>>> print(open('work17.pdb').read())   # PDB, C-alpha atoms, pLDDT in the B column
ATOM      1  CA  MET S  30     120.800  56.537  89.362  1.00 75.00           C
ATOM      2  CA  ALA S  31     120.020  53.230  91.019  1.00 76.00           C
ATOM      3  CA  GLN S  32     120.175  51.544  87.614  1.00 83.00           C
ATOM      4  CA  LEU S  33     123.639  52.977  87.000  1.00 87.00           C
ATOM      5  CA  GLU S  34     124.865  51.746  90.364  1.00 87.00           C
ATOM      6  CA  LYS S  35     123.932  48.200  89.291  1.00 88.00           C
ATOM      7  CA  VAL S  36     126.439  48.363  86.428  1.00 91.00           C
ATOM      8  CA  ASP S  37     129.367  46.057  87.184  1.00 92.00           C
ATOM      9  CA  GLY S  38     132.310  48.127  88.430  1.00 93.00           C
ATOM     10  CA  VAL S  39     130.316  51.205  89.490  1.00 92.00           C
ATOM     11  CA  GLU S  40     130.550  52.056  93.174  1.00 91.00           C
ATOM     12  CA  LYS S  41     128.345  55.156  93.205  1.00 90.00           C
ATOM     13  CA  ALA S  42     126.497  57.312  90.665  1.00 89.00           C
ATOM     14  CA  PHE S  43     125.679  61.005  90.906  1.00 88.00           C
ATOM     15  CA  ALA S  44     123.739  63.588  88.905  1.00 85.00           C
ATOM     16  CA  ASN S  45     124.154  67.336  88.701  1.00 85.00           C
ATOM     17  CA  ARG S  46     121.294  69.702  89.529  1.00 76.00           C
ATOM     18  CA  SER S  47     119.786  69.639  86.055  1.00 74.00           C
ATOM     19  CA  GLY S  48     120.220  65.895  85.691  1.00 77.00           C
ATOM     20  CA  ARG S  49     121.969  66.422  82.362  1.00 83.00           C
ATOM     21  CA  LEU S  50     125.351  65.312  83.692  1.00 88.00           C
ATOM     22  CA  ILE S  51     125.977  61.943  85.292  1.00 87.00           C
ATOM     23  CA  ARG S  52     129.085  61.038  87.232  1.00 90.00           C
ATOM     24  CA  ALA S  53     130.105  57.543  88.291  1.00 90.00           C
ATOM     25  CA  THR S  54     132.750  56.384  90.723  1.00 90.00           C
ATOM     26  CA  VAL S  55     134.452  53.257  89.456  1.00 92.00           C
ATOM     27  CA  SER S  56     135.815  50.640  91.864  1.00 92.00           C
ATOM     28  CA  SER S  57     139.596  50.422  91.967  1.00 91.00           C
ATOM     29  CA  ALA S  58     139.538  46.797  90.790  1.00 92.00           C
ATOM     30  CA  ALA S  59     137.472  47.584  87.686  1.00 94.00           C
ATOM     31  CA  ASP S  60     138.720  48.632  84.264  1.00 93.00           C
ATOM     32  CA  ARG S  61     137.583  52.253  83.833  1.00 91.00           C
ATOM     33  CA  GLU S  62     137.229  52.012  80.055  1.00 92.00           C
ATOM     34  CA  GLU S  63     135.077  48.879  80.231  1.00 94.00           C
ATOM     35  CA  VAL S  64     132.856  50.410  82.914  1.00 93.00           C
ATOM     36  CA  ALA S  65     132.535  53.620  80.880  1.00 91.00           C
ATOM     37  CA  GLY S  66     131.437  51.572  77.874  1.00 91.00           C
ATOM     38  CA  ARG S  67     128.811  49.724  79.925  1.00 92.00           C
ATOM     39  CA  LEU S  68     127.536  53.008  81.369  1.00 91.00           C
ATOM     40  CA  LEU S  69     127.228  54.582  77.938  1.00 90.00           C
ATOM     41  CA  LYS S  70     125.159  51.587  76.768  1.00 89.00           C
ATOM     42  CA  VAL S  71     122.832  51.872  79.769  1.00 88.00           C
ATOM     43  CA  LEU S  72     122.430  55.609  79.219  1.00 88.00           C
ATOM     44  CA  ALA S  73     121.820  55.293  75.460  1.00 87.00           C
ATOM     45  CA  VAL S  74     118.138  54.440  75.787  1.00 82.00           C
ATOM     46  CA  GLY S  75     115.579  55.646  73.267  1.00 77.00           C
ATOM     47  CA  THR S  76     116.734  58.842  71.616  1.00 80.00           C
ATOM     48  CA  ARG S  77     119.338  59.710  74.257  1.00 81.00           C
ATOM     49  CA  LYS S  78     122.884  60.046  73.012  1.00 86.00           C
ATOM     50  CA  PRO S  79     125.249  60.181  75.987  1.00 87.00           C
ATOM     51  CA  VAL S  80     128.641  61.806  75.545  1.00 88.00           C
ATOM     52  CA  ARG S  81     131.647  61.030  77.707  1.00 88.00           C
ATOM     53  CA  LEU S  82     133.461  64.087  79.000  1.00 89.00           C
ATOM     54  CA  THR S  83     137.249  64.062  78.871  1.00 88.00           C
ATOM     55  CA  GLY S  84     140.181  66.224  79.868  1.00 91.00           C
ATOM     56  CA  LYS S  85     139.361  69.786  80.899  1.00 93.00           C
ATOM     57  CA  GLU S  86     135.626  69.160  80.481  1.00 92.00           C
ATOM     58  CA  VAL S  87     135.745  66.593  83.280  1.00 89.00           C
ATOM     59  CA  LYS S  88     137.669  68.882  85.630  1.00 91.00           C
ATOM     60  CA  ARG S  89     135.346  71.795  84.872  1.00 91.00           C
ATOM     61  CA  ALA S  90     132.245  69.668  85.515  1.00 90.00           C
ATOM     62  CA  LEU S  91     133.655  68.208  88.740  1.00 90.00           C
ATOM     63  CA  ASP S  92     134.571  71.653  90.062  1.00 90.00           C
ATOM     64  CA  LYS S  93     131.508  73.564  88.840  1.00 91.00           C
ATOM     65  CA  GLU S  94     128.606  71.189  89.488  1.00 89.00           C
ATOM     66  CA  GLU S  95     126.838  70.230  92.674  1.00 84.00           C
ATOM     67  CA  TRP S  96     126.669  66.437  92.584  1.00 86.00           C
ATOM     68  CA  ARG S  97     123.861  64.462  94.184  1.00 80.00           C
ATOM     69  CA  ALA S  98     123.779  60.764  94.901  1.00 82.00           C
ATOM     70  CA  ALA S  99     120.670  58.698  94.149  1.00 72.00           C
ATOM     71  CA  GLU S 100     119.336  59.353  97.643  1.00 69.00           C
ATOM     72  CA  ARG S 101     119.248  63.083  96.878  1.00 71.00           C
ATOM     73  CA  VAL S 102     118.103  63.073  93.240  1.00 66.00           C
ATOM     74  CA  GLY S 103     114.503  63.108  94.445  1.00 67.00           C
ATOM     75  CA  GLU S 104     115.227  66.559  95.897  1.00 70.00           C
ATOM     76  CA  LEU S 105     115.871  67.831  92.382  1.00 66.00           C
ATOM     77  CA  SER S 106     112.587  66.467  91.105  1.00 70.00           C
ATOM     78  CA  ALA S 107     110.772  67.991  94.057  1.00 74.00           C
ATOM     79  CA  ILE S 108     112.298  71.397  93.290  1.00 76.00           C
ATOM     80  CA  GLU S 109     111.367  71.172  89.613  1.00 78.00           C
ATOM     81  CA  PHE S 110     107.831  69.947  90.246  1.00 81.00           C
ATOM     82  CA  ARG S 111     107.275  72.666  92.871  1.00 85.00           C
ATOM     83  CA  THR S 112     108.391  75.242  90.316  1.00 86.00           C
ATOM     84  CA  LEU S 113     106.007  73.747  87.757  1.00 87.00           C
ATOM     85  CA  ALA S 114     103.083  73.706  90.194  1.00 88.00           C
ATOM     86  CA  LEU S 115     103.607  77.338  91.179  1.00 91.00           C
ATOM     87  CA  ARG S 116     104.090  78.357  87.547  1.00 91.00           C
ATOM     88  CA  ARG S 117     100.706  76.815  86.766  1.00 91.00           C
ATOM     89  CA  VAL S 118      99.142  78.839  89.563  1.00 93.00           C
ATOM     90  CA  ALA S 119     100.731  82.012  88.155  1.00 94.00           C
ATOM     91  CA  GLU S 120      99.488  81.178  84.638  1.00 93.00           C
ATOM     92  CA  PHE S 121      96.001  80.510  86.008  1.00 94.00           C
ATOM     93  CA  VAL S 122      96.007  83.864  87.820  1.00 95.00           C
ATOM     94  CA  GLN S 123      96.983  85.607  84.599  1.00 95.00           C
ATOM     95  CA  GLU S 124      94.505  83.732  82.372  1.00 94.00           C
ATOM     96  CA  GLU S 125      91.625  84.279  84.792  1.00 95.00           C
ATOM     97  CA  ARG S 126      92.638  87.880  85.503  1.00 95.00           C
ATOM     98  CA  ILE S 127      92.476  87.299  89.261  1.00 95.00           C
ATOM     99  CA  GLU S 128      92.753  90.496  91.267  1.00 94.00           C
ATOM    100  CA  LYS S 129      96.023  91.100  93.114  1.00 95.00           C
ATOM    101  CA  ALA S 130      94.904  90.346  96.694  1.00 94.00           C
ATOM    102  CA  LYS S 131      93.233  87.079  95.662  1.00 94.00           C
ATOM    103  CA  ALA S 132      96.208  86.145  93.486  1.00 95.00           C
ATOM    104  CA  GLU S 133      98.584  86.632  96.406  1.00 95.00           C
ATOM    105  CA  LYS S 134      96.400  84.505  98.667  1.00 95.00           C
ATOM    106  CA  LEU S 135      96.110  81.776  96.022  1.00 95.00           C
ATOM    107  CA  THR S 136      99.896  81.734  95.561  1.00 94.00           C
ATOM    108  CA  GLU S 137     100.439  81.608  99.320  1.00 94.00           C
ATOM    109  CA  VAL S 138      98.024  78.669  99.654  1.00 94.00           C
ATOM    110  CA  ALA S 139      99.718  76.840  96.766  1.00 93.00           C
ATOM    111  CA  GLU S 140     103.197  77.308  98.245  1.00 93.00           C
ATOM    112  CA  GLU S 141     102.083  76.164 101.703  1.00 92.00           C
ATOM    113  CA  GLU S 142     100.238  73.120 100.412  1.00 91.00           C
ATOM    114  CA  TRP S 143     102.973  71.957  98.047  1.00 88.00           C
ATOM    115  CA  ASP S 144     105.584  72.212 100.793  1.00 87.00           C
ATOM    116  CA  ARG S 145     103.320  70.454 103.306  1.00 87.00           C
ATOM    117  CA  LEU S 146     102.576  67.680 100.848  1.00 82.00           C
ATOM    118  CA  VAL S 147     106.259  67.164  99.980  1.00 76.00           C
ATOM    119  CA  ASN S 148     107.259  67.047 103.644  1.00 74.00           C
ATOM    120  CA  ARG S 149     104.482  64.575 104.435  1.00 70.00           C
ATOM    121  CA  THR S 150     105.336  62.216 101.581  1.00 59.00           C
ATOM    122  CA  ALA S 151     109.102  62.688 101.401  1.00 54.00           C
ATOM    123  CA  SER S 152     109.927  58.990 101.701  1.00 51.00           C
ATOM    124  CA  GLU S 153     107.273  57.282  99.577  1.00 53.00           C
ATOM    125  CA  ASP S 154     109.584  54.356  98.826  1.00 55.00           C
ATOM    126  CA  PRO S 155     112.617  54.070 101.127  1.00 53.00           C
ATOM    127  CA  LYS S 156     114.124  51.391  98.828  1.00 56.00           C
ATOM    128  CA  ASP S 157     113.984  53.797  95.873  1.00 56.00           C
ATOM    129  CA  PRO S 158     114.349  57.333  97.272  1.00 51.00           C
ATOM    130  CA  GLY S 159     114.148  58.977  93.848  1.00 53.00           C
ATOM    131  CA  LYS S 160     110.810  57.338  93.033  1.00 63.00           C
ATOM    132  CA  THR S 161     107.764  59.531  93.565  1.00 68.00           C
ATOM    133  CA  ASP S 162     104.212  59.232  92.342  1.00 74.00           C
ATOM    134  CA  TRP S 163     104.102  62.707  90.786  1.00 71.00           C
ATOM    135  CA  SER S 164     100.723  62.077  89.205  1.00 74.00           C
ATOM    136  CA  GLY S 165      99.224  61.256  92.596  1.00 79.00           C
ATOM    137  CA  ARG S 166     101.004  64.144  94.239  1.00 82.00           C
ATOM    138  CA  PHE S 167      99.679  66.616  91.659  1.00 81.00           C
ATOM    139  CA  ARG S 168      96.127  65.299  92.156  1.00 85.00           C
ATOM    140  CA  GLN S 169      96.416  65.642  95.931  1.00 88.00           C
ATOM    141  CA  PHE S 170      97.851  69.121  95.526  1.00 89.00           C
ATOM    142  CA  ALA S 171      95.036  70.156  93.185  1.00 90.00           C
ATOM    143  CA  ASP S 172      92.359  68.844  95.562  1.00 92.00           C
ATOM    144  CA  VAL S 173      93.775  70.545  98.648  1.00 92.00           C
ATOM    145  CA  VAL S 174      94.421  73.887  96.924  1.00 93.00           C
ATOM    146  CA  ALA S 175      90.927  73.817  95.416  1.00 92.00           C
ATOM    147  CA  LYS S 176      89.384  73.156  98.830  1.00 93.00           C
ATOM    148  CA  ARG S 177      91.346  75.956 100.493  1.00 94.00           C
ATOM    149  CA  THR S 178      90.435  78.467  97.771  1.00 93.00           C
ATOM    150  CA  GLU S 179      86.666  77.973  97.850  1.00 93.00           C
ATOM    151  CA  SER S 180      86.271  81.396  99.482  1.00 92.00           C
ATOM    152  CA  ILE S 181      88.550  83.063  96.919  1.00 91.00           C
ATOM    153  CA  LEU S 182      87.505  81.597  93.559  1.00 94.00           C
ATOM    154  CA  THR S 183      84.269  80.815  91.759  1.00 94.00           C
ATOM    155  CA  VAL S 184      83.159  77.203  91.243  1.00 95.00           C
ATOM    156  CA  GLY S 185      84.181  77.377  87.580  1.00 95.00           C
ATOM    157  CA  GLN S 186      87.584  78.809  88.438  1.00 95.00           C
ATOM    158  CA  ILE S 187      88.164  76.089  91.011  1.00 94.00           C
ATOM    159  CA  GLU S 188      87.428  73.381  88.436  1.00 94.00           C
ATOM    160  CA  ARG S 189      89.765  74.974  85.868  1.00 94.00           C
ATOM    161  CA  LEU S 190      92.469  75.364  88.513  1.00 93.00           C
ATOM    162  CA  LYS S 191      92.116  71.713  89.550  1.00 91.00           C
ATOM    163  CA  ARG S 192      92.452  70.545  85.938  1.00 89.00           C
ATOM    164  CA  SER S 193      95.553  72.636  85.446  1.00 89.00           C
ATOM    165  CA  LEU S 194      97.216  71.635  88.702  1.00 87.00           C
ATOM    166  CA  SER S 195      96.468  67.916  88.515  1.00 82.00           C
ATOM    167  CA  ALA S 196      97.857  67.350  85.004  1.00 78.00           C
ATOM    168  CA  LEU S 197     101.374  65.987  84.821  1.00 65.00           C
ATOM    169  CA  PRO S 198     103.711  67.793  82.450  1.00 64.00           C
ATOM    170  CA  GLN S 199     104.048  66.227  79.036  1.00 55.00           C
ATOM    171  CA  ALA S 200     107.419  65.094  77.799  1.00 43.00           C
ATOM    172  CA  PRO S 201     108.802  67.466  75.194  1.00 42.00           C
ATOM    173  CA  THR S 202     108.312  66.279  71.650  1.00 41.00           C
ATOM    174  CA  ASP S 203     111.008  66.230  69.059  1.00 40.00           C
ATOM    175  CA  ARG S 204     109.621  68.731  66.542  1.00 39.00           C
ATOM    176  CA  ARG S 205     112.168  67.647  63.937  1.00 39.00           C
ATOM    177  CA  LYS S 206     110.147  64.458  63.462  1.00 41.00           C
ATOM    178  CA  GLU S 207     106.892  66.321  62.804  1.00 39.00           C
TER     179      GLU S 207
END
>>> encode(input="work17.pdb", output="structure tokens")
Amino acid sequence: MAQLEKVDGVEKAFANRSGRLIRATVSSAADREEVAGRLLKVLAVGTRKPVRLTGKEVKRALDKEEWRAAERVGELSAIEFRTLALRRVAEFVQEERIEKAKAEKLTEVAEEEWDRLVNRTASEDPKDPGKTDWSGRFRQFADVVAKRTESILTVGQIERLKRSLSALPQAPTDRRKE
């Protein structure tokens, strides 16, 4: 988002919840078509192929979506990474066949620790509010959850849980190229 706001003629940039839609406010003195062209070039990095919405699509997106400025985009990442962390706990519980009471306690610990960690490190870089060291955060999360579950899990389970929780998600691969 910050990169888009550096494009000449852009006053403010926003993203929807999923991050798949980007919206930019163009300054009144700028030529909208020229700014749109510059934005499309910035967005067309790697394999991305941005598409400009027009007509009814624009109105529908503006009305339907919840737009977040760069300062709030980090919230979206935090939500997604929390979901991922808790999904990994649930997968671990299933793979290890953890009994219900222990599984509930493990999930409770994971939820508490993720939320505590996010609140403690909410503003890692005030100059770039969307920037977060997710790798470091996952490692911290894994360490704290492992420590708090020593009375619930075996040593082997704790090590497997730590490995699962500390690994960052991999970017999806384009299977068409394989």
>>> resolve_selection(input="work17.pdb", expression="the PyMOL selection byres ((chain S and resi 31) around 9)", output="ChimeraX atom specification")
/S:30,32-35,41-42,99,157,159
>>> residues_around(input="work17.pdb", residues="stretch 68-82 of chain S", least_positions_apart="6", cutoff="12 Å", atoms="all atoms listed in the file", output="list in words")
Met30, Ala31, Gln32, Leu33, Glu34, Lys35, Val36, Asp37, Gly38, Val39, Ala42, Arg49, Leu50, Ile51, Arg52, Ala53, Thr54, Val55, Arg61, Glu62, Lys88, Arg89, Ala90, Leu91, Thr202, Asp203 and Lys206 of chain S
>>> resolve_selection(input="work17.pdb", expression="the PyMOL selection byres ((chain S and resi 171) around 8)", output="list in words")
Phe167, Arg168, Gln169, Phe170, Asp172, Val173, Val174, Ala175, Leu190, Lys191, Arg192, Leu194 and Ser195 of chain S
>>> atom_distance(input="work17.pdb", atom1="atom CA of S:Asp144", atom2="atom CA of S:Arg116")
14.7 Å
>>> resolve_selection(input="work17.pdb", expression="the PyMOL selection byres ((chain S and resi 181) around 12)", output="PyMOL selection string")
chain S and resi 122+127-136+138+174-180+182-187
>>> atom_distance(input="work17.pdb", atom1="atom CA of S:Phe110", atom2="atom CA of S:Arg126")
24.0 Å
>>> atom_distance(input="work17.pdb", atom1="atom CA of S:Glu86", atom2="atom CA of S:Ala59")
22.8 Å
>>> closest_residue(input="work17.pdb", among="S:Thr83, S:Ser47, S:Ser164, S:Ser193", to="S:Glu124", atoms="only C-alpha atoms")
S:Ser193
>>> residues_around(input="work17.pdb", residues="S:Leu113", least_positions_apart="6", cutoff="12 Å", atoms="only C-alpha atoms", output="ChimeraX atom specification")
/S:106-107,119-120,139-140,143,163,167,193-199
>>> build_atoms(input="work17.pdb", residues="stretch 139-150 of chain S", atoms="all heavy atoms", output="mmCIF file, in the frame of the given file")
data_model
loop_
_atom_site.group_PDB
_atom_site.id
_atom_site.type_symbol
_atom_site.label_atom_id
_atom_site.label_comp_id
_atom_site.auth_asym_id
_atom_site.auth_seq_id
_atom_site.Cartn_x
_atom_site.Cartn_y
_atom_site.Cartn_z
ATOM 1 N N ALA S 139 99.040 77.832 97.605
ATOM 2 C CA ALA S 139 99.718 76.840 96.766
ATOM 3 C C ALA S 139 101.112 76.524 97.312
ATOM 4 O O ALA S 139 101.504 75.352 97.391
ATOM 5 C CB ALA S 139 99.808 77.333 95.325
ATOM 6 N N GLU S 140 101.864 77.531 97.690
ATOM 7 C CA GLU S 140 103.197 77.308 98.245
ATOM 8 C C GLU S 140 103.128 76.492 99.533
ATOM 9 O O GLU S 140 103.877 75.523 99.709
ATOM 10 C CB GLU S 140 103.894 78.642 98.518
ATOM 11 C CG GLU S 140 104.310 79.371 97.267
ATOM 12 C CD GLU S 140 104.827 80.773 97.532
ATOM 13 O OE1 GLU S 140 104.582 81.337 98.627
ATOM 14 O OE2 GLU S 140 105.494 81.329 96.634
ATOM 15 N N GLU S 141 102.230 76.873 100.428
ATOM 16 C CA GLU S 141 102.083 76.164 101.703
ATOM 17 C C GLU S 141 101.704 74.706 101.477
ATOM 18 O O GLU S 141 102.280 73.804 102.094
ATOM 19 C CB GLU S 141 101.004 76.821 102.569
ATOM 20 C CG GLU S 141 101.378 78.141 103.156
ATOM 21 C CD GLU S 141 100.205 78.827 103.851
ATOM 22 O OE1 GLU S 141 99.106 78.222 103.961
ATOM 23 O OE2 GLU S 141 100.381 79.977 104.275
ATOM 24 N N GLU S 142 100.733 74.473 100.613
ATOM 25 C CA GLU S 142 100.238 73.120 100.412
ATOM 26 C C GLU S 142 101.244 72.234 99.694
ATOM 27 O O GLU S 142 101.382 71.059 100.018
ATOM 28 C CB GLU S 142 98.889 73.124 99.685
ATOM 29 C CG GLU S 142 97.771 73.667 100.530
ATOM 30 C CD GLU S 142 97.590 72.921 101.846
ATOM 31 O OE1 GLU S 142 97.878 71.703 101.927
ATOM 32 O OE2 GLU S 142 97.172 73.562 102.826
ATOM 33 N N TRP S 143 101.965 72.779 98.719
ATOM 34 C CA TRP S 143 102.973 71.957 98.047
ATOM 35 C C TRP S 143 104.049 71.543 99.051
ATOM 36 O O TRP S 143 104.426 70.372 99.127
ATOM 37 C CB TRP S 143 103.607 72.689 96.864
ATOM 38 C CG TRP S 143 104.530 71.763 96.131
ATOM 39 C CD1 TRP S 143 105.867 71.606 96.316
ATOM 40 C CD2 TRP S 143 104.155 70.784 95.154
ATOM 41 N NE1 TRP S 143 106.350 70.614 95.516
ATOM 42 C CE2 TRP S 143 105.322 70.094 94.786
ATOM 43 C CE3 TRP S 143 102.949 70.432 94.555
ATOM 44 C CZ2 TRP S 143 105.315 69.064 93.838
ATOM 45 C CZ3 TRP S 143 102.951 69.420 93.621
ATOM 46 C CH2 TRP S 143 104.125 68.748 93.270
ATOM 47 N N ASP S 144 104.527 72.515 99.822
ATOM 48 C CA ASP S 144 105.584 72.212 100.793
ATOM 49 C C ASP S 144 105.100 71.231 101.858
ATOM 50 O O ASP S 144 105.830 70.317 102.238
ATOM 51 C CB ASP S 144 106.099 73.502 101.434
ATOM 52 C CG ASP S 144 106.804 74.405 100.432
ATOM 53 O OD1 ASP S 144 107.195 73.916 99.347
ATOM 54 O OD2 ASP S 144 106.955 75.601 100.716
ATOM 55 N N ARG S 145 103.880 71.377 102.308
ATOM 56 C CA ARG S 145 103.320 70.454 103.306
ATOM 57 C C ARG S 145 103.221 69.054 102.730
ATOM 58 O O ARG S 145 103.598 68.071 103.351
ATOM 59 C CB ARG S 145 101.942 70.943 103.766
ATOM 60 C CG ARG S 145 101.330 70.102 104.892
ATOM 61 C CD ARG S 145 99.892 70.499 105.165
ATOM 62 N NE ARG S 145 99.023 70.353 104.013
ATOM 63 C CZ ARG S 145 98.556 69.181 103.565
ATOM 64 N NH1 ARG S 145 98.875 68.075 104.152
ATOM 65 N NH2 ARG S 145 97.765 69.138 102.505
ATOM 66 N N LEU S 146 102.740 68.968 101.507
ATOM 67 C CA LEU S 146 102.576 67.680 100.848
ATOM 68 C C LEU S 146 103.927 66.996 100.633
ATOM 69 O O LEU S 146 104.078 65.799 100.870
ATOM 70 C CB LEU S 146 101.862 67.873 99.507
ATOM 71 C CG LEU S 146 101.506 66.638 98.710
ATOM 72 C CD1 LEU S 146 100.568 65.735 99.508
ATOM 73 C CD2 LEU S 146 100.849 67.050 97.409
ATOM 74 N N VAL S 147 104.927 67.734 100.206
ATOM 75 C CA VAL S 147 106.259 67.164 99.980
ATOM 76 C C VAL S 147 106.847 66.671 101.301
ATOM 77 O O VAL S 147 107.399 65.578 101.369
ATOM 78 C CB VAL S 147 107.197 68.193 99.315
ATOM 79 C CG1 VAL S 147 108.646 67.729 99.378
ATOM 80 C CG2 VAL S 147 106.778 68.427 97.876
ATOM 81 N N ASN S 148 106.709 67.456 102.348
ATOM 82 C CA ASN S 148 107.259 67.047 103.644
ATOM 83 C C ASN S 148 106.549 65.810 104.180
ATOM 84 O O ASN S 148 107.165 64.962 104.813
ATOM 85 C CB ASN S 148 107.172 68.186 104.653
ATOM 86 C CG ASN S 148 108.126 69.304 104.314
ATOM 87 O OD1 ASN S 148 109.153 69.087 103.689
ATOM 88 N ND2 ASN S 148 107.790 70.512 104.723
ATOM 89 N N ARG S 149 105.262 65.705 103.942
ATOM 90 C CA ARG S 149 104.482 64.575 104.435
ATOM 91 C C ARG S 149 104.785 63.288 103.676
ATOM 92 O O ARG S 149 104.721 62.199 104.223
ATOM 93 C CB ARG S 149 102.994 64.884 104.341
ATOM 94 C CG ARG S 149 102.142 63.875 105.121
ATOM 95 C CD ARG S 149 100.674 64.132 104.958
ATOM 96 N NE ARG S 149 100.263 63.516 103.700
ATOM 97 C CZ ARG S 149 99.358 64.009 102.888
ATOM 98 N NH1 ARG S 149 98.752 65.122 103.178
ATOM 99 N NH2 ARG S 149 99.039 63.396 101.777
ATOM 100 N N THR S 150 105.127 63.405 102.410
ATOM 101 C CA THR S 150 105.336 62.216 101.581
ATOM 102 C C THR S 150 106.774 62.105 101.100
ATOM 103 O O THR S 150 107.029 61.504 100.069
ATOM 104 C CB THR S 150 104.391 62.250 100.359
ATOM 105 O OG1 THR S 150 104.682 63.420 99.597
ATOM 106 C CG2 THR S 150 102.949 62.205 100.758
#
